[in-house]
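Participant: So I've got this file, protein_19.cif, and it contains mmCIF, C-alpha atoms:
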```
data_protein
loop_
_atom_site.label_atom_id
_atom_site.label_comp_id
_atom_site.auth_asym_id
_atom_site.auth_seq_id
_atom_site.Cartn_x
_atom_site.Cartn_y
_atom_site.Cartn_z
CA MET A 1 0.00 0.00 0.00
CA THR A 2 1.49 3.33 -1.10
CA TYR A 3 0.62 6.75 0.30
CA ILE A 4 1.46 10.29 -0.74
CA ALA A 5 1.14 13.01 1.90
CA LEU A 6 -0.79 15.97 0.57
CA PHE A 7 -0.33 18.39 3.46
CA TYR A 8 0.56 18.68 7.13
CA LEU A 9 -1.40 20.51 9.82
CA PHE A 10 -1.21 21.17 13.56
CA PRO A 11 -4.10 21.11 16.08
CA LEU A 12 -3.96 24.84 16.71
CA VAL A 13 -4.33 25.44 12.98
CA CYS A 14 -7.39 23.20 12.78
CA GLN A 15 -8.95 24.86 15.82
CA ARG A 16 -8.56 28.25 14.22
CA PHE A 17 -10.82 27.19 11.37
CA SER A 18 -13.36 25.12 13.27
CA THR A 19 -14.44 24.42 16.82
CA HIS A 20 -14.65 20.76 15.80
CA PRO A 21 -11.46 19.99 13.83
CA LEU A 22 -12.50 16.51 12.71
CA LYS A 23 -15.47 17.98 10.89
CA TRP A 24 -13.22 20.53 9.22
CA LEU A 25 -10.69 17.86 8.19
CA ARG A 26 -13.51 15.88 6.64
CA PHE A 27 -14.69 18.92 4.71
CA ILE A 28 -11.29 19.96 3.35
CA ALA A 29 -10.58 16.40 2.21
CA TYR A 30 -13.85 16.55 0.30
CA THR A 31 -12.98 19.88 -1.35
CA ILE A 32 -9.75 18.39 -2.69
CA TYR A 33 -11.00 14.91 -3.59
CA GLY A 34 -14.40 15.97 -4.91
CA GLN A 35 -16.46 13.14 -3.41
CA GLU A 36 -18.25 12.97 -0.08
CA GLY A 37 -16.74 10.58 2.44
CA HIS A 38 -16.05 10.05 6.11
CA ILE A 39 -13.20 10.03 8.61
CA SER A 40 -11.91 6.75 10.00
CA THR A 41 -9.12 5.83 12.40
CA SER A 42 -8.03 2.94 10.17
CA ALA A 43 -7.62 2.35 6.44
CA GLY A 44 -10.96 1.15 5.10
CA GLY A 45 -12.36 1.26 8.62
CA ASP A 46 -15.66 2.39 10.08
CA GLU A 47 -16.59 6.02 10.41
CA VAL A 48 -15.58 7.79 13.62
CA GLN A 49 -18.43 7.84 16.11
CA ASP A 50 -18.00 11.39 17.39
CA TYR A 51 -16.92 14.26 15.13
CA HIS A 52 -17.09 16.55 18.15
CA ALA A 53 -14.27 14.64 19.84
CA PRO A 54 -10.98 16.47 20.43
CA PHE A 55 -8.26 16.18 17.83
CA GLN A 56 -6.16 13.15 18.88
CA SER A 57 -2.55 12.17 18.22
CA ALA A 58 -3.68 9.33 15.99
CA ASP A 59 -4.04 8.45 12.32
CA TYR A 60 -7.16 9.70 10.55
CA TYR A 61 -8.22 8.42 7.13
CA TYR A 62 -10.65 9.97 4.69
CA ILE A 63 -12.70 7.22 3.04
CA ALA A 64 -14.84 8.14 0.05
CA ASP A 65 -16.90 6.16 -2.44
CA GLY A 66 -16.52 6.85 -6.13
CA GLU A 67 -13.66 7.93 -8.33
CA PRO A 68 -11.78 11.12 -7.40
CA LEU A 69 -12.85 14.41 -8.92
CA TRP A 70 -9.63 16.21 -8.04
CA LEU A 71 -9.58 19.97 -8.04
CA ASP A 72 -7.09 21.88 -10.16
CA PRO A 73 -4.19 22.70 -7.80
CA ARG A 74 -3.59 25.81 -9.90
CA GLY A 75 -7.24 26.77 -9.87
CA MET A 76 -6.67 30.07 -8.06
CA ASP A 77 -3.56 31.06 -9.97
CA ASP A 78 -4.22 34.43 -11.56
CA ARG A 79 -2.40 33.45 -14.71
CA THR A 80 -2.71 30.52 -17.10
CA SER A 81 -0.21 29.35 -19.67
CA ASN A 82 -2.36 30.99 -22.34
CA SER A 83 -2.94 34.35 -20.68
CA GLY A 84 -0.87 37.26 -19.44
CA SER A 85 -3.74 38.91 -17.58
CA SER A 86 -3.86 39.06 -13.80
CA LEU A 87 -6.35 39.91 -11.10
CA SER A 88 -4.83 43.35 -10.69
CA ASN A 89 -4.80 44.18 -14.41
CA THR A 90 -8.08 46.11 -14.66
CA SER A 91 -6.92 49.17 -16.59
CA THR A 92 -8.76 48.07 -19.74
CA LEU A 93 -12.09 46.27 -19.46
CA SER A 94 -13.83 44.44 -22.27
CA ASN A 95 -17.54 44.97 -22.71
CA ALA A 96 -18.14 41.57 -21.11
CA ARG A 97 -16.10 42.43 -18.01
CA SER A 98 -17.71 45.83 -17.79
CA GLY A 99 -21.14 44.19 -17.85
CA PHE A 100 -19.99 41.73 -15.18
CA THR A 101 -18.89 44.61 -12.94
CA GLN A 102 -22.20 46.40 -13.35
CA ARG A 103 -24.22 43.28 -12.51
CA VAL A 104 -22.13 42.47 -9.40
CA VAL A 105 -22.36 46.05 -8.14
CA ALA A 106 -26.11 46.12 -8.73
CA ARG A 107 -26.60 42.89 -6.80
CA ASP A 108 -24.24 43.42 -3.84
CA GLY A 109 -24.24 47.19 -3.38
CA HIS A 110 -21.14 47.24 -1.13
CA CYS A 111 -18.32 44.96 0.01
CA VAL A 112 -20.02 41.78 1.11
CA VAL A 113 -17.78 41.33 4.16
CA SER A 114 -16.71 44.80 5.29
CA GLY A 115 -19.57 46.98 4.06
CA THR A 116 -17.05 49.24 2.29
CA LEU A 117 -18.61 51.67 -0.17
CA THR A 118 -18.72 50.66 -3.81
CA ARG A 119 -16.15 53.19 -4.99
CA TYR A 120 -13.50 51.41 -2.89
CA CYS A 121 -14.46 47.94 -4.11
CA ASP A 122 -13.71 45.56 -6.95
CA ALA A 123 -16.08 43.19 -8.70
CA CYS A 124 -14.11 40.05 -7.92
CA HIS A 125 -14.23 36.87 -10.01
CA ILE A 126 -14.38 33.83 -7.71
CA ILE A 127 -12.77 31.66 -10.37
CA PRO A 128 -10.11 34.03 -11.81
CA TYR A 129 -11.07 35.91 -14.96
CA SER A 130 -7.87 34.80 -16.68
CA LYS A 131 -9.03 31.17 -16.58
CA GLY A 132 -11.67 31.93 -19.20
CA SER A 133 -15.08 30.51 -20.04
CA LYS A 134 -13.75 27.23 -21.40
CA TYR A 135 -12.22 26.55 -17.98
CA MET A 136 -15.58 27.26 -16.33
CA GLU A 137 -17.31 24.84 -18.67
CA ARG A 138 -14.77 22.12 -17.95
CA LEU A 139 -15.00 22.77 -14.22
CA ARG A 140 -18.77 22.40 -14.38
CA HIS A 141 -18.59 19.07 -16.20
CA HIS A 142 -15.86 17.78 -13.89
CA ARG A 143 -17.06 18.89 -10.46
CA HIS A 144 -20.61 20.29 -10.44
CA PRO A 145 -22.73 19.23 -13.43
CA ASP A 146 -25.99 19.69 -11.49
CA VAL A 147 -25.81 23.46 -11.01
CA GLN A 148 -28.72 25.03 -12.84
CA PRO A 149 -28.65 27.03 -14.92
CA PRO A 150 -25.11 25.96 -15.87
CA ILE A 151 -22.23 28.35 -15.18
CA ASP A 152 -20.25 28.25 -18.42
CA ASP A 153 -19.32 31.93 -18.64
CA ILE A 154 -16.41 33.32 -16.62
CA ASN A 155 -18.38 36.59 -16.44
CA ASP A 156 -21.52 34.96 -15.04
CA VAL A 157 -22.62 37.18 -12.15
CA ARG A 158 -22.76 34.06 -9.93
CA ASN A 159 -18.98 33.86 -10.34
CA GLY A 160 -18.60 37.26 -8.74
CA MET A 161 -18.80 39.20 -5.49
CA LEU A 162 -18.04 42.76 -4.47
CA LEU A 163 -14.98 43.03 -2.20
CA ASN A 164 -13.00 46.01 -1.03
CA SER A 165 -9.79 46.20 -3.03
CA LEU A 166 -7.49 44.99 -0.24
CA VAL A 167 -9.66 41.96 0.54
CA HIS A 168 -9.86 41.21 -3.19
CA ARG A 169 -6.07 41.19 -3.39
CA GLN A 170 -5.73 38.67 -0.56
CA PHE A 171 -8.48 36.50 -2.05
CA GLY A 172 -6.56 36.44 -5.33
CA TYR A 173 -3.46 35.18 -3.50
CA SER A 174 -5.50 32.60 -1.53
CA GLY A 175 -4.55 34.49 1.61
CA ILE A 176 -8.23 34.29 2.48
CA ALA A 177 -11.04 31.97 1.43
CA PHE A 178 -14.76 31.63 2.11
CA LEU A 179 -16.22 28.67 4.00
CA ARG A 180 -19.90 28.05 3.33
CA THR A 181 -21.94 26.29 6.00
CA PRO A 182 -23.92 24.22 6.47
CA ASN A 183 -22.25 21.72 4.16
CA PHE A 184 -22.28 17.93 4.16
CA ALA A 185 -19.66 17.79 6.94
CA MET A 186 -20.17 20.96 9.00
CA ASP A 187 -22.88 23.04 10.63
CA THR A 188 -22.80 26.80 11.05
CA SER A 189 -22.03 26.35 14.75
CA ASP A 190 -18.82 24.47 13.85
CA VAL A 191 -17.24 27.76 12.77
CA GLY A 192 -16.25 30.28 15.41
CA LEU A 193 -17.49 33.85 15.51
CA PRO A 194 -15.31 36.92 14.94
CA VAL A 195 -13.84 38.55 18.04
CA ASN A 196 -15.82 41.73 17.42
CA ASN A 197 -19.09 39.77 17.44
CA ALA A 198 -18.30 36.82 19.67
CA ASN A 199 -21.56 36.89 21.65
CA SER A 200 -23.89 36.70 18.68
CA THR A 201 -25.75 33.61 17.50
CA PRO A 202 -24.61 31.91 14.27
CA ALA A 203 -26.98 32.39 11.38
CA ASP A 204 -28.78 29.48 9.73
CA SER A 205 -26.51 29.86 6.71
CA ARG A 206 -23.04 31.37 6.64
CA ILE A 207 -20.37 32.33 4.10
CA THR A 208 -17.42 32.93 6.37
CA LEU A 209 -14.18 34.71 5.49
CA GLN A 210 -11.17 32.91 6.95
CA TYR A 211 -7.54 33.98 6.87
CA PHE A 212 -4.91 31.53 5.63
CA LEU A 213 -2.10 33.97 6.41
CA ASP A 214 0.24 33.03 9.25
CA ASP A 215 0.28 36.63 10.46
CA TYR A 216 -3.40 37.17 9.75
CA GLN A 217 -3.97 39.28 12.86
CA ALA A 218 -1.65 41.92 11.42
CA HIS A 219 -3.95 42.26 8.41
CA VAL A 220 -7.21 42.69 10.29
CA GLY A 221 -6.71 46.44 10.76
CA SER A 222 -5.79 47.17 7.16
CA LEU A 223 -8.49 44.95 5.65
CA HIS A 224 -11.17 46.00 8.16
CA VAL A 225 -12.33 42.38 8.38
CA HIS A 226 -11.89 39.93 11.26
CA HIS A 227 -11.20 36.22 10.91
CA ASN A 228 -14.53 34.30 10.77
CA SER A 229 -16.48 37.36 9.61
CA ASP A 230 -19.56 36.43 7.61
CA ALA A 231 -20.26 37.69 4.13
CA TRP A 232 -23.75 38.87 3.27
CA PHE A 233 -25.44 38.57 -0.09
CA PRO A 234 -28.92 39.96 -0.79
CA PRO A 235 -31.52 37.24 -1.45
CA SER A 236 -31.16 36.45 -5.12
CA HIS A 237 -31.11 33.52 -7.49
CA ASP A 238 -27.93 35.06 -8.89
CA SER A 239 -25.88 34.62 -5.69
CA PRO A 240 -22.69 32.51 -5.93
CA PRO A 241 -23.36 28.77 -5.51
CA SER A 242 -21.71 26.70 -2.78
CA VAL A 243 -19.67 24.68 -5.26
CA LEU A 244 -17.54 27.70 -6.22
CA PHE A 245 -16.79 28.57 -2.60
CA ASP A 246 -15.98 24.92 -1.81
CA TYR A 247 -13.67 24.69 -4.81
CA THR A 248 -11.71 27.85 -4.05
CA TYR A 249 -11.50 26.88 -0.37
CA GLY A 250 -9.88 23.57 -1.32
CA CYS A 251 -7.47 25.43 -3.61
CA ALA A 252 -6.47 27.70 -0.71
CA VAL A 253 -5.90 24.70 1.60
CA LEU A 254 -3.74 22.94 -0.96
CA GLN A 255 -1.79 26.08 -1.81
CA LYS A 256 -1.15 26.88 1.86
CA TRP A 257 -0.20 23.46 3.22
CA GLY A 258 0.18 21.18 0.21
CA LEU A 259 3.51 19.47 -0.32
CA SER A 260 5.07 20.19 -3.70
CA GLU A 261 5.13 16.49 -4.59
CA SER A 262 1.44 16.17 -3.77
CA LYS A 263 0.40 19.22 -5.75
CA ASP A 264 2.38 17.88 -8.70
CA TYR A 265 0.64 14.51 -8.27
CA ILE A 266 -2.79 16.09 -8.56
CA TRP A 267 -1.62 18.44 -11.31
CA GLN A 268 -0.52 15.49 -13.44
CA ALA A 269 -3.95 13.91 -12.91
CA THR A 270 -5.98 17.00 -13.81
CA LYS A 271 -4.04 19.20 -16.22
CA HIS A 272 -5.52 17.51 -19.29
CA ILE A 273 -9.02 18.05 -17.88
CA PHE A 274 -8.73 21.81 -17.40
CA TYR A 275 -6.16 23.00 -19.96
CA ASP A 276 -5.76 22.59 -23.72
CA ASP A 277 -1.96 22.78 -23.46
CA PHE A 278 -1.82 19.43 -21.69
CA ASN A 279 -4.08 17.22 -23.78
CA SER A 280 -2.51 13.77 -23.69
CA ASP A 281 -2.60 13.53 -27.49
CA ASN A 282 -0.16 16.45 -27.68
CA GLU A 283 2.41 15.08 -25.25
CA ASP A 284 5.50 13.57 -26.77
CA GLU A 285 7.45 10.52 -25.68
CA ASP A 286 9.81 12.55 -23.50
CA ASP A 287 6.89 14.07 -21.55
CA ILE A 288 5.46 10.63 -20.93
CA ASN A 289 8.73 9.03 -19.96
CA ASN A 290 9.62 11.89 -17.62
CA ASN A 291 6.43 11.20 -15.67
CA ALA A 292 7.27 7.56 -15.09
CA ASP A 293 7.87 7.94 -11.37
CA ASP A 294 4.93 10.12 -10.37
CA GLY A 295 2.34 7.67 -9.20
CA GLY A 296 0.67 5.52 -11.82
CA ASP A 297 -3.08 5.35 -12.39
CA ARG A 298 -4.34 8.46 -10.60
CA SER A 299 -7.94 7.86 -11.58
CA ARG A 300 -7.92 5.02 -9.05
CA SER A 301 -6.40 6.94 -6.14
CA ILE A 302 -8.16 7.27 -2.80
CA PRO A 303 -7.19 10.11 -0.43
CA VAL A 304 -6.63 9.42 3.23
CA ILE A 305 -6.13 11.81 6.16
CA ARG A 306 -3.62 10.90 8.82
CA SER A 307 -2.32 12.62 11.93
CA LYS A 308 0.76 11.70 13.90
CA GLY A 309 2.65 12.51 17.04
CA SER A 310 2.10 14.60 20.12
CA GLY A 311 2.61 17.65 17.93
CA GLY A 312 -0.59 16.69 16.14
CA VAL A 313 0.84 16.82 12.63
CA SER A 314 -1.89 15.83 10.19
CA ALA A 315 -1.45 14.73 6.63
CA VAL A 316 -3.57 13.72 3.68
CA HIS A 317 -2.23 10.68 1.87
CA VAL A 318 -3.15 8.89 -1.33
CA GLU A 319 -3.57 5.14 -1.57
CA GLU A 320 -2.73 3.57 -4.93
CA THR A 321 -5.06 0.77 -6.07
CA HIS A 322 -5.42 -1.27 -9.23
CA ARG A 323 -8.59 -2.87 -10.61
CA ALA A 324 -7.44 -5.14 -13.44
CA THR A 325 -10.21 -7.69 -12.71
CA GLY A 326 -12.94 -5.24 -11.73
CA GLU A 327 -12.22 -5.64 -7.99
CA SER A 328 -10.02 -3.33 -5.96
CA HIS A 329 -6.88 -4.87 -4.52
CA ILE A 330 -3.45 -3.67 -3.49
CA ARG A 331 -0.71 -4.44 -5.97
CA GLU A 332 2.40 -6.15 -4.66
CA ASN A 333 5.95 -6.59 -5.93
CA ILE A 334 5.98 -3.24 -7.71
CA ASP A 335 9.17 -2.53 -9.61
CA VAL A 336 10.44 0.16 -11.97
CA ARG A 337 8.82 -1.39 -15.00
CA ASP A 338 5.39 -1.25 -13.30
CA LEU A 339 5.79 2.49 -12.82
CA VAL A 340 6.86 3.02 -16.43
CA PHE A 341 3.88 1.06 -17.73
CA ALA A 342 1.50 2.88 -15.35
CA SER A 343 2.73 6.26 -16.54
CA TRP A 344 2.29 5.26 -20.15
CA MET A 345 -1.26 4.09 -19.48
CA PHE A 346 -2.22 7.36 -17.83
CA ASN A 347 -0.79 9.68 -20.48
CA ALA A 348 -1.70 7.93 -23.71
CA LYS A 349 -4.76 6.83 -25.57
CA LYS A 350 -5.77 3.16 -25.60
CA ALA A 351 -4.24 2.36 -28.99
CA ARG A 352 -1.00 4.17 -28.19
CA ARG A 353 -0.73 2.40 -24.85
CA GLN A 354 -1.03 -1.06 -26.38
CA ALA A 355 1.34 -0.17 -29.21
CA ARG A 356 4.04 1.00 -26.83
CA LEU A 357 3.72 -2.03 -24.58
CA GLN A 358 3.82 -4.40 -27.52
CA ARG A 359 6.88 -2.59 -28.87
CA THR A 360 8.53 -2.94 -25.48
CA MET A 361 7.88 -6.69 -25.50
CA LYS A 362 9.60 -7.04 -28.87
CA THR A 363 12.59 -4.75 -28.44
CA ASP A 364 13.48 -3.58 -24.95
CA SER A 365 13.21 -6.86 -23.08
CA PRO A 366 12.26 -9.96 -25.08
CA ARG A 367 10.08 -12.44 -23.29
CA GLY A 368 12.63 -15.16 -23.59
CA THR A 369 15.29 -13.25 -21.66
CA ASP A 370 13.18 -12.12 -18.66
CA PRO A 371 10.57 -14.59 -17.34
CA ASP A 372 9.35 -12.07 -14.70
CA LEU A 373 8.49 -9.45 -17.31
CA SER A 374 5.99 -11.39 -19.44
CA PRO A 375 3.18 -11.69 -16.82
CA LYS A 376 3.45 -7.99 -16.00
CA ILE A 377 3.12 -6.99 -19.66
CA GLU A 378 0.18 -9.32 -20.16
CA CYS A 379 -1.53 -7.77 -17.13
CA TRP A 380 -1.08 -4.22 -18.39
CA LEU A 381 -2.25 -5.15 -21.89
CA LYS A 382 -5.45 -6.71 -20.55
CA SER A 383 -6.18 -3.69 -18.39
CA THR A 384 -6.26 -1.42 -21.48
CA GLU A 385 -8.76 -3.53 -23.39
#
```
Let me see whether you can do it: turn the structure in this file into structure tokens.
Facilitator:
Amino acid sequence: MTYIALFYLFPLVCQRFSTHPLKWLRFIAYTIYGQEGHISTSAGGDEVQDYHAPFQSADYYYIADGEPLWLDPRGMDDRTSNSGSSLSNTSTLSNARSGFTQRVVARDGHCVVSGTLTRYCDACHIIPYSKGSKYMERLRHHRHPDVQPPIDDINDVRNGMLLNSLVHRQFGYSGIAFLRTPNFAMDTSDVGLPVNNANSTPADSRITLQYFLDDYQAHVGSLHVHHNSDAWFPPSHDSPPSVLFDYTYGCAVLQKWGLSESKDYIWQATKHIFYDDFNSDNEDEDDINNNADDGGDRSRSIPVIRSKGSGGVSAVHVEETHRATGESHIRENIDVRDLVFASWMFNAKKARRQARLQRTMKTDSPRGTDPDLSPKIECWLKSTE
């Protein structure tokens, strides 16, 4: 069984974001993986009985049914490989962006978290403008096909909110993110209240600004917004849907605490979904071969949360599985050739996969000279049929 740690956390960090850290861990695992699941104290084990229990120095696993719908680890980057625009580049607005600004201003009226007057605010795209409408369409098909009417336009007013300029800047850097409750894992009472309103009662529905900055308290004065302050949107069918807030929240978590190897792991699994530049048909042999050691069949990966030690370090890991016969089982005796074949399978079309494997059988290592190789090749060939 192989695991890849996605990020590490400490108890005090978890407690800053939720009064019940296990619920929060469950939610952030969902935002990254894309499927609802539960927390367990053992791999493949039963769900924990009490999500209100204190964070323990133990291993926690996130168990989810269904194939992963990974987020794009570069989803909040303000620049794509095809665009030189950035969140701060607003000197020239197209008619479409100008219309977007007018619609957001008309709906929100002022900064949704600080109440700042409109003239000091920006109409902020939740999914960055530079990603474009094609990205929005792909995101909808990949993560939230049930949103109606569909959000296929980057300038859809539901992809916007009015923020004061300083808050907008931090949102663009993932220095802040918005946590919407209730969600499948958390209630509104699971999120603390801001220090300037600590005696109030949580609302039935909340969209809560949370700081991901280590020195967030130093920014409260300049941004005029406290940690755990709630955003307010006027009642409207054009308000941003939960799926966009969940997605950008997961991006902020991964950007803040994600290990570089883990972000690359997810990037390799999703880049062809979100970006034209990385369609597998356009990758050459060198691209495929250079990815030989980065994890194999990512479509079969299952994320797991673990925590260790008295320091309470928590990590999300990925379990590699293989389903050659239709049943999930852990592969054993993995060697370098397995990883090469797995990488080829992931990055190439069916016909190209079989052609490469057959070519390898004939040239690189003839069956007659390596008796251990033939069964492995036969296994990989069958799995592509």
Participant: Given the file shown, determine the residues that the PyMOL selection byres ((chain A and resi 128) around 8) selects; report them as a ChimeraX atom specification.
Facilitator: /A:76-78,87,125-127,129-132,154,172
Participant: I need the output of the PyMOL selection byres ((chain A and resi 138-145) around 7) for this file as a PyMOL selection string; which residues are they?
Facilitator: chain A and resi 34+69+134-137+146-147+151+243+274
Participant: Okay, now the selection with C-alpha atoms, as a PDB file, in the frame of the given file?
Facilitator:
```pdb
ATOM      1  CA  GLY A  34     -14.400  15.970  -4.910  1.00  0.00           C
ATOM      2  CA  LEU A  69     -12.850  14.410  -8.920  1.00  0.00           C
ATOM      3  CA  LYS A 134     -13.750  27.230 -21.400  1.00  0.00           C
ATOM      4  CA  TYR A 135     -12.220  26.550 -17.980  1.00  0.00           C
ATOM      5  CA  MET A 136     -15.580  27.260 -16.330  1.00  0.00           C
ATOM      6  CA  GLU A 137     -17.310  24.840 -18.670  1.00  0.00           C
ATOM      7  CA  ASP A 146     -25.990  19.690 -11.490  1.00  0.00           C
ATOM      8  CA  VAL A 147     -25.810  23.460 -11.010  1.00  0.00           C
ATOM      9  CA  ILE A 151     -22.230  28.350 -15.180  1.00  0.00           C
ATOM     10  CA  VAL A 243     -19.670  24.680  -5.260  1.00  0.00           C
ATOM     11  CA  PHE A 274      -8.730  21.810 -17.400  1.00  0.00           C
TER      12      PHE A 274
END
```
Participant: Given the choices A:Pro54, A:Gln170, A:His237, A:Thr181, which gets closest to A:Gln148 if the distance is worked out from only C-alpha atoms?
Facilitator: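 Going through A:Pro54, A:Gln170, A:His237, A:Thr181 one by one, the smallest distance to A:Gln148 is for A:His237.
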Participant: For a quick check of understanding, using only C-alpha atoms, which of A:Leu254, A:Ile63, A:Leu71, A:Val157 has the smallest distance to A:Arg103?
Facilitator: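 Looking at the shortest contact to A:Arg103, the residue is A:Val157.
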Participant: Between atom CA of A:Asp122 and atom CA of A:Gly258, what is the distance in Å, rounded to a tenth?
Facilitator: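 Value for the atom CA of A:Asp122-atom CA of A:Gly258 distance: 29.0 Å.
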Participant: Using only C-alpha atoms, which residue out of A:Ser229, A:Gln217, A:Ser174, A:Asn183 lies closest to A:Ser200?
Facilitator: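 Using only C-alpha atoms, the shortest distance to A:Ser200 belongs to A:Ser229.
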Participant: Please provide as a list of chain:residue names all residues within 8 Å of A:Asp246, with the sequence filter that same-chain residues fewer than 6 positions apart are discarded (counting only C-alpha atoms).
Facilitator: A:Thr31, A:Phe178, A:Leu179, A:Arg180
Participant: Keeping C-alpha atoms, export the residues of the selection given above as a PDB file, keeping the file's coordinate frame.
Facilitator:
```
ATOM      1  CA  THR A  31     -12.980  19.880  -1.350  1.00  0.00           C
ATOM      2  CA  PHE A 178     -14.760  31.630   2.110  1.00  0.00           C
ATOM      3  CA  LEU A 179     -16.220  28.670   4.000  1.00  0.00           C
ATOM      4  CA  ARG A 180     -19.900  28.050   3.330  1.00  0.00           C
TER       5      ARG A 180
END
```
Participant: Rounded to one decimal in Å, what is the spacing between atom CA of A:Asp187 and atom CA of A:Thr208?
Facilitator: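 Computing it gives 12.1 Å between the two atoms.
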Participant: Record the distance separating atom CA of A:Asp215 and atom CA of A:Gln56, expressed in Å with one decimal.
Facilitator: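 Spanning atom CA of A:Asp215 to atom CA of A:Gln56 is a straight-line distance of 25.8 Å.
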Participant: Set the distance at 9 Å and use only C-alpha atoms: which residues neighbour A:Leu22 once local chain neighbours fewer than 2 positions away are removed? I'd like the list as a PyMOL selection string.
Facilitator: chain A and resi 14+18+20+24-27+39+50-55+60
Participant: Identify which of the residues A:Thr248, A:Asp238, A:Trp257, A:Gln268 lies closest to A:Gly75, counting all atoms listed in the file when measuring atom-to-atom distances.
Facilitator: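 Looking only at the distances to A:Gly75, the closest residue turns out to be A:Thr248.
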Participant: Name the residues that the PyMOL selection byres ((chain A and resi 209) around 10) pulls out of this structure, and write them as a PyMOL selection string.
Facilitator: chain A and resi 113+167+171+176-180+194+206-208+210-212+225-231
Participant: From the options A:Leu162, A:Leu12, A:Ala252, A:Ile32, which residue's atoms come nearest to A:Ser239, counting all atoms listed in the file?
Facilitator: A:Leu162
Participant: Which one of A:Pro149, A:Leu163, A:Ala203, A:Val253 sits closest to A:Gly175 if you count all atoms listed in the file?
Facilitator: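 Closest candidate: A:Val253.
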Participant: Could you put an axis-aligned box around every listed atom of stretch 134-149 of chain A, padded by 6 Å on each side, and send me its centre and edge lengths in Å to one decimal, as JSON?
Facilitator:
```
{"center_x": -20.5, "center_y": 22.5, "center_z": -15.9, "size_x": 28.5, "size_y": 21.5, "size_z": 23.0}
```
